[in-house]
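Structure file run.cif with mmCIF, N, CA and C atoms:
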data_target
#
loop_
_atom_site.label_atom_id
_atom_site.label_comp_id
_atom_site.auth_asym_id
_atom_site.auth_seq_id
_atom_site.Cartn_x
_atom_site.Cartn_y
_atom_site.Cartn_z
N MET H 1014 93.33 85.25 85.66
CA MET H 1014 94.75 85.45 85.85
C MET H 1014 95.53 84.47 84.97
N ASP H 1015 96.56 84.97 84.35
CA ASP H 1015 97.35 84.11 83.46
C ASP H 1015 98.67 83.73 84.11
N ALA H 1016 99.45 82.94 83.42
CA ALA H 1016 100.72 82.44 83.97
C ALA H 1016 101.70 83.56 84.24
N TYR H 1017 101.67 84.61 83.42
CA TYR H 1017 102.59 85.72 83.64
C TYR H 1017 102.36 86.36 85.01
N PHE H 1018 101.09 86.51 85.38
CA PHE H 1018 100.77 87.07 86.68
C PHE H 1018 101.32 86.19 87.80
N TYR H 1019 101.14 84.88 87.68
CA TYR H 1019 101.60 83.98 88.74
C TYR H 1019 103.12 83.95 88.85
N ILE H 1020 103.80 84.12 87.73
CA ILE H 1020 105.27 84.22 87.77
C ILE H 1020 105.69 85.45 88.55
N ILE H 1021 105.07 86.58 88.25
CA ILE H 1021 105.41 87.81 88.97
C ILE H 1021 104.97 87.73 90.42
N LEU H 1022 103.86 87.05 90.69
CA LEU H 1022 103.42 86.85 92.07
C LEU H 1022 104.50 86.12 92.87
N ALA H 1023 104.98 85.01 92.35
CA ALA H 1023 105.98 84.22 93.07
C ALA H 1023 107.30 84.96 93.22
N VAL H 1024 107.80 85.49 92.12
CA VAL H 1024 109.10 86.17 92.15
C VAL H 1024 109.03 87.45 92.97
N GLY H 1025 107.94 88.21 92.79
CA GLY H 1025 107.80 89.47 93.53
C GLY H 1025 107.69 89.28 95.02
N LEU H 1026 106.89 88.30 95.45
CA LEU H 1026 106.76 88.06 96.89
C LEU H 1026 108.06 87.53 97.49
N LEU H 1027 108.75 86.64 96.77
CA LEU H 1027 110.02 86.13 97.26
C LEU H 1027 111.04 87.25 97.39
N SER H 1028 111.10 88.11 96.39
CA SER H 1028 112.02 89.25 96.44
C SER H 1028 111.69 90.17 97.61
N THR H 1029 110.41 90.43 97.83
CA THR H 1029 110.00 91.29 98.93
C THR H 1029 110.40 90.69 100.27
N VAL H 1030 110.19 89.40 100.44
CA VAL H 1030 110.56 88.74 101.71
C VAL H 1030 112.07 88.81 101.93
N ILE H 1031 112.85 88.54 100.90
CA ILE H 1031 114.32 88.59 101.02
C ILE H 1031 114.78 89.99 101.41
N CYS H 1032 114.24 91.00 100.74
CA CYS H 1032 114.67 92.37 101.01
C CYS H 1032 114.19 92.86 102.37
N LEU H 1033 112.96 92.50 102.75
CA LEU H 1033 112.47 92.88 104.08
C LEU H 1033 113.31 92.23 105.18
N ALA H 1034 113.64 90.95 105.00
CA ALA H 1034 114.45 90.25 106.01
C ALA H 1034 115.81 90.92 106.16
N ALA H 1035 116.42 91.30 105.04
CA ALA H 1035 117.73 91.96 105.11
C ALA H 1035 117.61 93.32 105.80
N GLY H 1036 116.54 94.04 105.51
CA GLY H 1036 116.35 95.33 106.17
C GLY H 1036 116.09 95.19 107.66
N ILE H 1037 115.30 94.21 108.03
CA ILE H 1037 115.02 93.98 109.45
C ILE H 1037 116.28 93.55 110.20
N MET H 1038 117.14 92.79 109.52
CA MET H 1038 118.39 92.35 110.15
C MET H 1038 119.47 93.44 110.09
N LYS H 1039 119.09 94.64 109.63
CA LYS H 1039 119.97 95.81 109.58
C LYS H 1039 121.20 95.60 108.71
N LYS H 1040 121.01 94.90 107.60
CA LYS H 1040 122.10 94.68 106.65
C LYS H 1040 122.00 95.68 105.51
N ALA H 1041 123.13 96.02 104.96
CA ALA H 1041 123.16 96.86 103.76
C ALA H 1041 122.73 96.02 102.56
N PRO H 1042 122.30 96.65 101.48
CA PRO H 1042 121.96 95.88 100.28
C PRO H 1042 123.14 95.01 99.86
N ASN H 1043 122.85 93.78 99.49
CA ASN H 1043 123.91 92.85 99.11
C ASN H 1043 123.50 92.12 97.84
N ASP H 1044 124.29 91.14 97.47
CA ASP H 1044 124.01 90.41 96.23
C ASP H 1044 122.63 89.76 96.25
N ALA H 1045 122.25 89.19 97.37
CA ALA H 1045 120.96 88.49 97.44
C ALA H 1045 119.80 89.45 97.21
N THR H 1046 119.83 90.61 97.83
CA THR H 1046 118.71 91.54 97.67
C THR H 1046 118.69 92.14 96.26
N ILE H 1047 119.84 92.50 95.76
CA ILE H 1047 119.89 93.10 94.43
C ILE H 1047 119.53 92.08 93.36
N LEU H 1048 120.00 90.85 93.50
CA LEU H 1048 119.66 89.81 92.53
C LEU H 1048 118.19 89.42 92.60
N SER H 1049 117.59 89.51 93.77
CA SER H 1049 116.16 89.20 93.86
C SER H 1049 115.34 90.25 93.10
N VAL H 1050 115.77 91.50 93.16
CA VAL H 1050 115.10 92.55 92.40
C VAL H 1050 115.38 92.38 90.91
N ALA H 1051 116.57 91.92 90.57
CA ALA H 1051 116.89 91.64 89.16
C ALA H 1051 115.99 90.51 88.64
N ALA H 1052 115.65 89.56 89.49
CA ALA H 1052 114.74 88.48 89.09
C ALA H 1052 113.35 89.03 88.79
N VAL H 1053 112.93 90.04 89.53
CA VAL H 1053 111.64 90.68 89.25
C VAL H 1053 111.70 91.34 87.86
N GLU H 1054 112.81 91.98 87.56
CA GLU H 1054 112.97 92.60 86.23
C GLU H 1054 112.94 91.55 85.13
N VAL H 1055 113.58 90.42 85.35
CA VAL H 1055 113.57 89.34 84.36
C VAL H 1055 112.14 88.84 84.15
N ALA H 1056 111.38 88.69 85.23
CA ALA H 1056 109.98 88.26 85.12
C ALA H 1056 109.17 89.28 84.32
N LEU H 1057 109.45 90.55 84.52
CA LEU H 1057 108.74 91.59 83.77
C LEU H 1057 109.13 91.58 82.29
N VAL H 1058 110.39 91.27 82.00
CA VAL H 1058 110.82 91.14 80.60
C VAL H 1058 110.10 89.97 79.94
N VAL H 1059 109.96 88.87 80.67
CA VAL H 1059 109.21 87.72 80.15
C VAL H 1059 107.76 88.14 79.87
N TYR H 1060 107.17 88.91 80.78
CA TYR H 1060 105.81 89.41 80.58
C TYR H 1060 105.75 90.28 79.32
N LEU H 1061 106.74 91.15 79.14
CA LEU H 1061 106.79 92.01 77.96
C LEU H 1061 106.86 91.20 76.67
N VAL H 1062 107.78 90.26 76.61
CA VAL H 1062 107.95 89.44 75.41
C VAL H 1062 106.68 88.63 75.14
N GLY H 1063 106.13 88.04 76.18
CA GLY H 1063 104.90 87.27 76.03
C GLY H 1063 103.74 88.13 75.54
N SER H 1064 103.65 89.35 76.03
CA SER H 1064 102.58 90.25 75.60
C SER H 1064 102.75 90.66 74.14
N ILE H 1065 103.97 90.92 73.74
CA ILE H 1065 104.23 91.28 72.34
C ILE H 1065 103.86 90.11 71.43
N ILE H 1066 104.25 88.91 71.83
CA ILE H 1066 103.92 87.72 71.02
C ILE H 1066 102.41 87.53 70.94
N ARG H 1067 101.71 87.74 72.05
CA ARG H 1067 100.25 87.58 72.04
C ARG H 1067 99.58 88.60 71.14
N VAL H 1068 100.08 89.82 71.13
CA VAL H 1068 99.50 90.85 70.26
C VAL H 1068 99.78 90.51 68.80
N ILE H 1069 101.00 90.08 68.50
CA ILE H 1069 101.35 89.71 67.12
C ILE H 1069 100.50 88.52 66.67
N ALA H 1070 100.21 87.60 67.58
CA ALA H 1070 99.41 86.41 67.25
C ALA H 1070 97.93 86.74 67.04
N GLY H 1071 97.54 87.96 67.36
CA GLY H 1071 96.16 88.38 67.08
C GLY H 1071 95.27 88.57 68.29
N GLU H 1072 95.78 88.32 69.49
CA GLU H 1072 94.97 88.57 70.68
C GLU H 1072 94.79 90.07 70.85
N THR H 1073 93.65 90.46 71.35
CA THR H 1073 93.42 91.88 71.58
C THR H 1073 93.30 92.17 73.07
N ILE H 1074 93.68 93.36 73.42
CA ILE H 1074 93.56 93.83 74.79
C ILE H 1074 92.16 94.43 74.92
N THR H 1075 91.37 93.94 75.88
CA THR H 1075 89.99 94.43 75.99
C THR H 1075 89.94 95.85 76.54
N GLY H 1076 90.88 96.19 77.41
CA GLY H 1076 90.93 97.55 77.94
C GLY H 1076 91.71 98.46 77.01
N GLU H 1077 92.12 99.58 77.55
CA GLU H 1077 92.91 100.53 76.77
C GLU H 1077 94.34 100.01 76.61
N ALA H 1078 94.78 99.89 75.37
CA ALA H 1078 96.12 99.37 75.10
C ALA H 1078 97.20 100.28 75.66
N TRP H 1079 97.01 101.59 75.55
CA TRP H 1079 98.02 102.53 76.04
C TRP H 1079 98.19 102.39 77.56
N GLU H 1080 97.09 102.08 78.24
CA GLU H 1080 97.16 101.92 79.70
C GLU H 1080 97.94 100.65 80.07
N PHE H 1081 97.67 99.57 79.33
CA PHE H 1081 98.39 98.32 79.58
C PHE H 1081 99.89 98.52 79.38
N TRP H 1082 100.27 99.08 78.23
CA TRP H 1082 101.69 99.25 77.93
C TRP H 1082 102.33 100.27 78.88
N GLY H 1083 101.57 101.27 79.31
CA GLY H 1083 102.08 102.23 80.28
C GLY H 1083 102.39 101.58 81.62
N TYR H 1084 101.49 100.73 82.07
CA TYR H 1084 101.74 99.99 83.31
C TYR H 1084 102.98 99.11 83.17
N LEU H 1085 103.10 98.44 82.04
CA LEU H 1085 104.22 97.51 81.85
C LEU H 1085 105.55 98.26 81.81
N VAL H 1086 105.60 99.36 81.08
CA VAL H 1086 106.85 100.15 81.01
C VAL H 1086 107.20 100.72 82.37
N THR H 1087 106.20 101.23 83.08
CA THR H 1087 106.45 101.78 84.42
C THR H 1087 106.96 100.70 85.36
N ALA H 1088 106.33 99.53 85.32
CA ALA H 1088 106.77 98.42 86.19
C ALA H 1088 108.21 98.02 85.86
N MET H 1089 108.58 98.08 84.59
CA MET H 1089 109.93 97.69 84.19
C MET H 1089 110.97 98.72 84.59
N LEU H 1090 110.57 99.96 84.81
CA LEU H 1090 111.51 101.00 85.23
C LEU H 1090 111.80 100.96 86.73
N LEU H 1091 110.90 100.38 87.50
CA LEU H 1091 111.06 100.38 88.96
C LEU H 1091 112.28 99.59 89.45
N PRO H 1092 112.51 98.35 89.00
CA PRO H 1092 113.67 97.61 89.52
C PRO H 1092 115.02 98.31 89.26
N PRO H 1093 115.30 98.80 88.05
CA PRO H 1093 116.58 99.49 87.88
C PRO H 1093 116.70 100.75 88.74
N ALA H 1094 115.59 101.46 88.91
CA ALA H 1094 115.63 102.66 89.75
C ALA H 1094 115.92 102.31 91.21
N ALA H 1095 115.30 101.26 91.71
CA ALA H 1095 115.52 100.85 93.10
C ALA H 1095 116.94 100.34 93.30
N VAL H 1096 117.46 99.59 92.33
CA VAL H 1096 118.85 99.11 92.44
C VAL H 1096 119.82 100.29 92.42
N TYR H 1097 119.55 101.24 91.56
CA TYR H 1097 120.39 102.45 91.50
C TYR H 1097 120.38 103.15 92.85
N TRP H 1098 119.21 103.28 93.44
CA TRP H 1098 119.07 103.90 94.75
C TRP H 1098 119.89 103.13 95.79
N SER H 1099 119.79 101.79 95.75
CA SER H 1099 120.49 100.98 96.75
C SER H 1099 122.00 101.03 96.59
N ILE H 1100 122.47 101.28 95.38
CA ILE H 1100 123.91 101.41 95.17
C ILE H 1100 124.40 102.76 95.68
N LEU H 1101 123.59 103.80 95.49
CA LEU H 1101 123.97 105.13 95.96
C LEU H 1101 123.90 105.25 97.48
N GLU H 1102 122.88 104.66 98.07
CA GLU H 1102 122.70 104.75 99.52
C GLU H 1102 122.81 103.36 100.12
N ARG H 1103 123.98 103.02 100.56
CA ARG H 1103 124.26 101.67 101.06
C ARG H 1103 123.90 101.53 102.54
N THR H 1104 122.63 101.79 102.88
CA THR H 1104 122.17 101.62 104.25
C THR H 1104 121.07 100.55 104.27
N ARG H 1105 120.69 100.15 105.46
CA ARG H 1105 119.64 99.14 105.58
C ARG H 1105 118.32 99.62 105.00
N TRP H 1106 118.11 100.93 104.97
CA TRP H 1106 116.84 101.46 104.48
C TRP H 1106 116.67 101.23 102.98
N SER H 1107 117.74 101.09 102.27
CA SER H 1107 117.64 100.78 100.85
C SER H 1107 117.00 99.42 100.61
N ASN H 1108 117.18 98.51 101.55
CA ASN H 1108 116.53 97.21 101.41
C ASN H 1108 115.01 97.33 101.44
N PHE H 1109 114.50 98.30 102.17
CA PHE H 1109 113.05 98.51 102.21
C PHE H 1109 112.56 99.10 100.89
N VAL H 1110 113.39 99.93 100.26
CA VAL H 1110 113.06 100.44 98.92
C VAL H 1110 113.05 99.27 97.93
N LEU H 1111 114.04 98.39 98.04
CA LEU H 1111 114.08 97.21 97.17
C LEU H 1111 112.87 96.30 97.42
N ALA H 1112 112.46 96.19 98.67
CA ALA H 1112 111.31 95.34 99.01
C ALA H 1112 110.03 95.85 98.38
N ALA H 1113 109.92 97.15 98.24
CA ALA H 1113 108.72 97.74 97.65
C ALA H 1113 108.56 97.37 96.17
N VAL H 1114 109.66 97.05 95.51
CA VAL H 1114 109.60 96.73 94.08
C VAL H 1114 108.77 95.48 93.82
N GLY H 1115 108.99 94.43 94.58
CA GLY H 1115 108.27 93.18 94.35
C GLY H 1115 106.77 93.34 94.52
N VAL H 1116 106.36 94.03 95.56
CA VAL H 1116 104.93 94.23 95.82
C VAL H 1116 104.33 95.16 94.76
N THR H 1117 105.05 96.20 94.41
CA THR H 1117 104.55 97.13 93.39
C THR H 1117 104.40 96.44 92.04
N ALA H 1118 105.38 95.63 91.67
CA ALA H 1118 105.29 94.89 90.41
C ALA H 1118 104.10 93.94 90.43
N LEU H 1119 103.85 93.33 91.56
CA LEU H 1119 102.72 92.42 91.71
C LEU H 1119 101.39 93.15 91.52
N VAL H 1120 101.24 94.30 92.15
CA VAL H 1120 100.01 95.08 92.03
C VAL H 1120 99.83 95.55 90.58
N MET H 1121 100.91 95.99 89.97
CA MET H 1121 100.83 96.46 88.59
C MET H 1121 100.51 95.30 87.63
N ALA H 1122 101.05 94.11 87.90
CA ALA H 1122 100.74 92.95 87.07
C ALA H 1122 99.27 92.57 87.21
N ALA H 1123 98.72 92.68 88.41
CA ALA H 1123 97.30 92.39 88.60
C ALA H 1123 96.45 93.38 87.80
N ARG H 1124 96.84 94.64 87.81
CA ARG H 1124 96.10 95.64 87.04
C ARG H 1124 96.25 95.40 85.54
N MET H 1125 97.44 95.03 85.09
CA MET H 1125 97.66 94.73 83.67
C MET H 1125 96.78 93.56 83.24
N ASN H 1126 96.63 92.58 84.12
CA ASN H 1126 95.79 91.42 83.82
C ASN H 1126 94.33 91.84 83.68
N GLN H 1127 93.88 92.76 84.54
CA GLN H 1127 92.50 93.26 84.44
C GLN H 1127 92.30 93.98 83.11
N ILE H 1128 93.27 94.78 82.71
CA ILE H 1128 93.16 95.53 81.47
C ILE H 1128 93.16 94.58 80.28
N TRP H 1129 94.00 93.54 80.31
CA TRP H 1129 94.09 92.62 79.18
C TRP H 1129 92.78 91.87 78.98
N TYR H 1130 92.21 91.39 80.08
CA TYR H 1130 91.00 90.57 79.98
C TYR H 1130 89.76 91.40 80.25
#
Let me see the file written as structure tokens.
Amino acid sequence: MDAYFYIILAVGLLSTVICLAAGIMKKAPNDATILSVAAVEVALVVYLVGSIIRVIAGETITGEAWEFWGYLVTAMLLPPAAVYWSILERTRWSNFVLAAVGVTALVMAARMNQIWY
């Protein structure tokens, strides 16, 4: 596991806890929940930039490159989609959709790490 994975681990779990707590407390999506999901997106952008730099520097992906980049692009699409959902549906249930983003990004980052190494 590399540093990028641990960054997404920390940010993703923190975002999930924040969003789950807001949903359990029956609150509508707010700045804290939406910004926590935005932090997951920022962590994924860091992962993207770091991966591009590593490839340019000559590191090779041991698994299928298309699979790695597919996972990364898909993971990066999830936070904006969940935020869009939470803006359209301002109920407590949107917080549970937002909470799923952190865990999903974490699982996808673990799989990307397996593919890379």
Taking the file as shown, what set of residues would the PyMOL selection byres ((chain H and resi 1074-1081) around 8) give back, as a tab-separated table (two decimals) with N, CA and C atoms, in the coordinates of the input?
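Done, and the output landed in part-v8.tsv:
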chain	number	residue	atom	x	y	z
H	1067	ARG	N	101.71	87.74	72.05
H	1067	ARG	CA	100.25	87.58	72.04
H	1067	ARG	C	99.58	88.60	71.14
H	1068	VAL	N	100.08	89.82	71.13
H	1068	VAL	CA	99.50	90.85	70.26
H	1068	VAL	C	99.78	90.51	68.80
H	1071	GLY	N	97.54	87.96	67.36
H	1071	GLY	CA	96.16	88.38	67.08
H	1071	GLY	C	95.27	88.57	68.29
H	1072	GLU	N	95.78	88.32	69.49
H	1072	GLU	CA	94.97	88.57	70.68
H	1072	GLU	C	94.79	90.07	70.85
H	1073	THR	N	93.65	90.46	71.35
H	1073	THR	CA	93.42	91.88	71.58
H	1073	THR	C	93.30	92.17	73.07
H	1082	TRP	N	100.27	99.08	78.23
H	1082	TRP	CA	101.69	99.25	77.93
H	1082	TRP	C	102.33	100.27	78.88
H	1083	GLY	N	101.57	101.27	79.31
H	1083	GLY	CA	102.08	102.23	80.28
H	1083	GLY	C	102.39	101.58	81.62
H	1084	TYR	N	101.49	100.73	82.07
H	1084	TYR	CA	101.74	99.99	83.31
H	1084	TYR	C	102.98	99.11	83.17
H	1085	LEU	N	103.10	98.44	82.04
H	1085	LEU	CA	104.22	97.51	81.85
H	1085	LEU	C	105.55	98.26	81.81
H	1086	VAL	N	105.60	99.36	81.08
H	1086	VAL	CA	106.85	100.15	81.01
H	1086	VAL	C	107.20	100.72	82.37
H	1087	THR	N	106.20	101.23	83.08
H	1087	THR	CA	106.45	101.78	84.42
H	1087	THR	C	106.96	100.70	85.36
H	1124	ARG	N	96.84	94.64	87.81
H	1124	ARG	CA	96.10	95.64	87.04
H	1124	ARG	C	96.25	95.40	85.54
H	1125	MET	N	97.44	95.03	85.09
H	1125	MET	CA	97.66	94.73	83.67
H	1125	MET	C	96.78	93.56	83.24
H	1126	ASN	N	96.63	92.58	84.12
H	1126	ASN	CA	95.79	91.42	83.82
H	1126	ASN	C	94.33	91.84	83.68
H	1127	GLN	N	93.88	92.76	84.54
H	1127	GLN	CA	92.50	93.26	84.44
H	1127	GLN	C	92.30	93.98	83.11
H	1128	ILE	N	93.27	94.78	82.71
H	1128	ILE	CA	93.16	95.53	81.47
H	1128	ILE	C	93.16	94.58	80.28
H	1129	TRP	N	94.00	93.54	80.31
H	1129	TRP	CA	94.09	92.62	79.18
H	1129	TRP	C	92.78	91.87	78.98
H	1130	TYR	N	92.21	91.39	80.08
H	1130	TYR	CA	91.00	90.57	79.98
H	1130	TYR	C	89.76	91.40	80.25
The PyMOL selection byres (((chain H and resi 1015 and name CA) around 10) and name CA) - which residues does that actually catch in the file I just gave you? List them as JSON, numbers by chain. {"H": [1014, 1016, 1017, 1018, 1019, 1020, 1123, 1126, 1130]}
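For the residues H:Val1024, H:Ala1095, H:Val1030, H:Ile1065, ranking by smallest atom-to-atom distance to Val1110 of chain H using only N, CA and C atoms places H:Ala1095 first.
Here atom C of Val1096 of chain H and atom N of Ile1066 of chain H stand 28.2 Å from one another.
One finds atom CA of Ser1099 of chain H at 21.2 Å from atom CA of Val1058 of chain H.
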Selection dump of the PyMOL selection byres ((chain H and resi 1040) around 8), as an NGL selection string: :H and (1034-1039 or 1041-1043 or 1103-1108)
Can I get the selected residues back with N, CA and C atoms, as a PDB file, in the frame of the given file?
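The new file again-v5.pdb reads:
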ATOM      1  N   ALA H1034     113.640  90.950 105.000  1.00  0.00           N
ATOM      2  CA  ALA H1034     114.450  90.250 106.010  1.00  0.00           C
ATOM      3  C   ALA H1034     115.810  90.920 106.160  1.00  0.00           C
ATOM      4  N   ALA H1035     116.420  91.300 105.040  1.00  0.00           N
ATOM      5  CA  ALA H1035     117.730  91.960 105.110  1.00  0.00           C
ATOM      6  C   ALA H1035     117.610  93.320 105.800  1.00  0.00           C
ATOM      7  N   GLY H1036     116.540  94.040 105.510  1.00  0.00           N
ATOM      8  CA  GLY H1036     116.350  95.330 106.170  1.00  0.00           C
ATOM      9  C   GLY H1036     116.090  95.190 107.660  1.00  0.00           C
ATOM     10  N   ILE H1037     115.300  94.210 108.030  1.00  0.00           N
ATOM     11  CA  ILE H1037     115.020  93.980 109.450  1.00  0.00           C
ATOM     12  C   ILE H1037     116.280  93.550 110.200  1.00  0.00           C
ATOM     13  N   MET H1038     117.140  92.790 109.520  1.00  0.00           N
ATOM     14  CA  MET H1038     118.390  92.350 110.150  1.00  0.00           C
ATOM     15  C   MET H1038     119.470  93.440 110.090  1.00  0.00           C
ATOM     16  N   LYS H1039     119.090  94.640 109.630  1.00  0.00           N
ATOM     17  CA  LYS H1039     119.970  95.810 109.580  1.00  0.00           C
ATOM     18  C   LYS H1039     121.200  95.600 108.710  1.00  0.00           C
ATOM     19  N   ALA H1041     123.130  96.020 104.960  1.00  0.00           N
ATOM     20  CA  ALA H1041     123.160  96.860 103.760  1.00  0.00           C
ATOM     21  C   ALA H1041     122.730  96.020 102.560  1.00  0.00           C
ATOM     22  N   PRO H1042     122.300  96.650 101.480  1.00  0.00           N
ATOM     23  CA  PRO H1042     121.960  95.880 100.280  1.00  0.00           C
ATOM     24  C   PRO H1042     123.140  95.010  99.860  1.00  0.00           C
ATOM     25  N   ASN H1043     122.850  93.780  99.490  1.00  0.00           N
ATOM     26  CA  ASN H1043     123.910  92.850  99.110  1.00  0.00           C
ATOM     27  C   ASN H1043     123.500  92.120  97.840  1.00  0.00           C
ATOM     28  N   ARG H1103     123.980 103.020 100.560  1.00  0.00           N
ATOM     29  CA  ARG H1103     124.260 101.670 101.060  1.00  0.00           C
ATOM     30  C   ARG H1103     123.900 101.530 102.540  1.00  0.00           C
ATOM     31  N   THR H1104     122.630 101.790 102.880  1.00  0.00           N
ATOM     32  CA  THR H1104     122.170 101.620 104.250  1.00  0.00           C
ATOM     33  C   THR H1104     121.070 100.550 104.270  1.00  0.00           C
ATOM     34  N   ARG H1105     120.690 100.150 105.460  1.00  0.00           N
ATOM     35  CA  ARG H1105     119.640  99.140 105.580  1.00  0.00           C
ATOM     36  C   ARG H1105     118.320  99.620 105.000  1.00  0.00           C
ATOM     37  N   TRP H1106     118.110 100.930 104.970  1.00  0.00           N
ATOM     38  CA  TRP H1106     116.840 101.460 104.480  1.00  0.00           C
ATOM     39  C   TRP H1106     116.670 101.230 102.980  1.00  0.00           C
ATOM     40  N   SER H1107     117.740 101.090 102.270  1.00  0.00           N
ATOM     41  CA  SER H1107     117.640 100.780 100.850  1.00  0.00           C
ATOM     42  C   SER H1107     117.000  99.420 100.610  1.00  0.00           C
ATOM     43  N   ASN H1108     117.180  98.510 101.550  1.00  0.00           N
ATOM     44  CA  ASN H1108     116.530  97.210 101.410  1.00  0.00           C
ATOM     45  C   ASN H1108     115.010  97.330 101.440  1.00  0.00           C
TER      46      ASN H1108
END
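Put simply, atom C of Leu1027 of chain H is 23.6 Å away from atom CA of Ser1064 of chain H.
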